[in-house]
Amino acid sequence: MNLIFAIAASVLFGTGAYLVLHRDLVRVVLGVVIISQASVLTLIASGLVRGEAPIAPEPGKPVSDPLSEAMALTAIVIGLAVTALLLTLVLRVVDAYRVRDLHHVSEEEAQHEARLERADAGEHAAEEQAAR
Amino acid sequence: MTAAWIALVIPWGGGIVLAILDGRRRAVGVAAVAGLAVNFAALVVLAVNVFGAEPLSVTTGDWPVGVGITLRVDALGLLFAALSSLALLAATAHEVADGVRERGFPGLALLLAAGLTGVFITGDLFNFYVFFELSMTAAYVLATYGGGRRELSAALVFTTANLLGTFVFLLSVAGVYHATGTLDMAQIGDRMDRVDASTGILIAVGFFVAFSVKLGLFPFHFWLPTVYTGAVPAVAAILSGGLANIGAYGLLRFGAEMLPRELEFAAVPLIIIGCASIVYGGILAVSRRTAGEMLAYSAIGQVGYVLVAIGVGGPLGFTAAILYTVVNALNKTLLFLTLRMRGALVAATFVVGALSVAGVPPAAGFIGKLELFHATAGAPVLIAVFFLGGALSFVYVFQVYQFEFWRSRPSGSRSGRPQQAIIAVLAIVTLSAGLWPEPLLALSRDAAEVLEAVKR
């Protein structure tokens with residue numbers, strides 16, 4: 001059972017990591033969501049005992065660990081909230097840049113850098129001139 | 001214990017109420033500053049009670065011990081909580097004095113304060129994660145503050161990188177629970193001894209990665225320059241002076257208290273990563289011309305010192321790490337707040353911050369560096385790296401000072417008096433901590449004594 005959990009969690013994490021490395025922003029969000037699922041699955045797998053659902057156990061049968069399930073539930077709720085936040089953020093970026101992938105965003109960053117450099121060089125030249 | 005509830009509940013409840021109201025109205029901003037002041041005052045009252053005495057501990061919801069979530073108020077947590085609260089208070093007051101531009105800001109600042117206070121006083125591992133996520137979520141939204149394109153793309157990078165960090169943290173939480181069967185941070189320390197070494201190392205690596213992402217240590221720093229230069233100065237001050245403390249606190253609490261054996265095992269790699277961070281941050285900061293970029297890379301270099309001190313370990317090492325974190329958070333809050341301000345007083349406070357970063361007396365940074373040298377007295381290589389880092393920081397801060405304040409043509413108008421008063425108070429705190437370092441040293445020693453690894 002542990003092996004199945006481990007394989008499933010690592011496949012999820014790998015898939016998520018692959019998606020996060022994409023340039024498309026929606027894929028990045030999906031990647032983050034899948035990685036969050038990998039950690040939720042690991043939380044469930046970390047339970048110390050396995051058995052019936054702890055909410056209404058039949059007497060005499062083993063009960064699965066309620067603590068790890070409570071943790072997994074909390075993690076799912078938090079994951080939902082941050083996913084919503086992340087999607088809103090992507091929406092605002094798409095609105096502001098009118099593009100949907102990181103390539104254009106980083107291009108604009110680079111242009112900003114170049115402008116700063118040029119302004120700096122210009123100022124320097126002007127100062128040299130003034131000094132003479 | 002009432003003070004602990006006040007410190008936690010006032011910013012939490014206040015944050016929820018203020019998040020609904022329009023934060024651009026002055027009254028809402030002032031209410032947020034008042035809430036943060038209450039939070040800071042309550043933490044100081046707690047600190048007076050706890051320092052030199054036994055830590056307070058309470059189980060929430062009247063559950064029996066071992067079932068309910070414990071809050072544990074000790075010297076280490078309180079020092080970090082008060083420090084973060086001070087940074088938040090200064091940055092929020094600074095922004096409110098300038099005029100808040102978006103409706104969410106005051107409420108988010110309060111929620112961040114609630115999250116940070118919770119992170120530093122909780123004694124339960126999973127509860128730590130919940131408060132951690134509460135403060136991070138507030139910070140993700142704060143990073144968009146200003147609403148320009150640069151802020152947005154910086155916030156996107158910040159959110160994605162840090163979310164990945166928190167999920168790695170969650171993996172390690174699952175690992176700890178499975179290996180030790182408890183989530184109580186005090187018990188984990190005892191039970192980790194019986195866990196086999198390879199499992200322990202895996203768990204420790206997960207925590208290390210998660211907190212290094214928060215701190216922006218060298219191989220995990222990729223998000224930091226974009227965010228610190230893209231964000232509004234007040235937000236950059238909140239992130240670097242308040243939020244980044246989680247990283248240092250986590251490394252100390254998890255490394256030195258819960259996983260002391262793994263920390264000892266990993267001492268050399270930690271020191272190497274720390275040195276790499278110092279040199280990398282220093283060299284890149286020298287190559288930058290604008291104050292914001294310089295500070296961003298300087299932040300990468302400065303946390304390297306903290307990591308080296310943690311790697312060195314022992315009472316001296318941990319004291320130095322705590323003291324340096326305090327000094328560094330003060331410096332960063334002060335310097336980030338001076339960005340985009342003009343005037344003679346601003347230049348003077350920048351010099352105080354610059355002296356502190358470079359470790360020149362009489363500023364507080366000197367005491368931080370002195371403790372670091374004290375802790376690493378037996379290792380000439382480390383002392384050489386510290387000197388190199390110190391020399392680089394001297395070059396980069398004064399280079400930027402020259403660019404920003406000596407080049408004539410001051411751009412923009414003089415900033416308002418309230419803002420100048422705030423940075424002046426921060427500068428006075430930095431100076432007096434350097435001139436009369438005894439209280440800060442005693443606090444750091446007390447905080448270091450909490451850690452398990454020191455008791456051994």
# chains A, B, ... in the order shown; residues from 1 in each chain; ligands from 1

$ interface_residues --of "chain B" --to "chain A" --cutoff "8 Å" --atoms "only C-alpha atoms" --output "list in words"
Phe126, Glu133, Thr137, Arg149, Arg150, Leu152, Ser153, Ala155, Leu156, Thr159, Thr160, Leu163, Leu164, Phe167, Val168, Leu170, Leu171, Val173, Ala174, Gly175, Tyr177, His178, Gly181 and Arg289 of chain B

$ write_last_selection --atoms "C-alpha atoms" --output "compact mmCIF listing (two decimals), in the first residue's frame"
# COMPACT_ATOMS: atom_id res chain seq x y z
CA PHE B 126 0.31 21.45 11.45
CA GLU B 133 -0.26 29.79 4.84
CA THR B 137 -1.69 34.36 1.41
CA ARG B 149 2.32 45.60 -14.53
CA ARG B 150 5.62 45.15 -12.74
CA LEU B 152 1.61 42.00 -10.96
CA SER B 153 4.30 39.97 -12.66
CA ALA B 155 3.47 38.91 -7.43
CA LEU B 156 2.91 36.03 -9.84
CA THR B 159 3.19 33.35 -5.37
CA THR B 160 4.24 30.46 -7.59
CA LEU B 163 3.51 27.96 -3.04
CA LEU B 164 5.90 25.30 -4.27
CA PHE B 167 3.95 22.16 -0.57
CA VAL B 168 7.45 20.81 -0.02
CA LEU B 170 3.73 19.91 3.75
CA LEU B 171 5.48 16.80 2.42
CA VAL B 173 5.09 17.54 7.80
CA ALA B 174 3.56 14.29 6.54
CA GLY B 175 6.96 12.65 6.92
CA TYR B 177 3.91 12.68 11.47
CA HIS B 178 4.44 9.25 9.99
CA GLY B 181 3.34 9.85 15.42
CA ARG B 289 23.01 50.95 -9.67

$ select_by_dssp --residues "range 160-390 of chain B" --states "helix (DSSP H, G or I)" --output "ChimeraX atom specification"
/B:160-180,185-194,197-215,218-220,224-230,233-243,245-258,260-265,267-286,291-312,314-338,344-358,364-375,380-390

$ residues_around --residues "Pro62 in chain A" --least-positions-apart "6" --cutoff "9 Å" --atoms "only C-alpha atoms" --output "list in words"
Val49, Arg50, Gly51 and Glu52 of chain A

$ residues_around --residues "Asp98 in chain B" --least-positions-apart "5" --cutoff "9 Å" --atoms "only C-alpha atoms" --output "VMD selection string"
chain B and resid 93 415 to 416 418 to 419

$ write_last_selection --atoms "C-alpha atoms" --output "compact mmCIF listing (two decimals), in the first residue's frame"
# COMPACT_ATOMS: atom_id res chain seq x y z
CA ALA B 93 2.36 53.55 9.20
CA SER B 415 8.44 63.56 1.58
CA GLY B 416 5.94 64.38 4.32
CA PRO B 418 5.18 61.74 9.33
CA GLN B 419 7.07 59.49 6.91
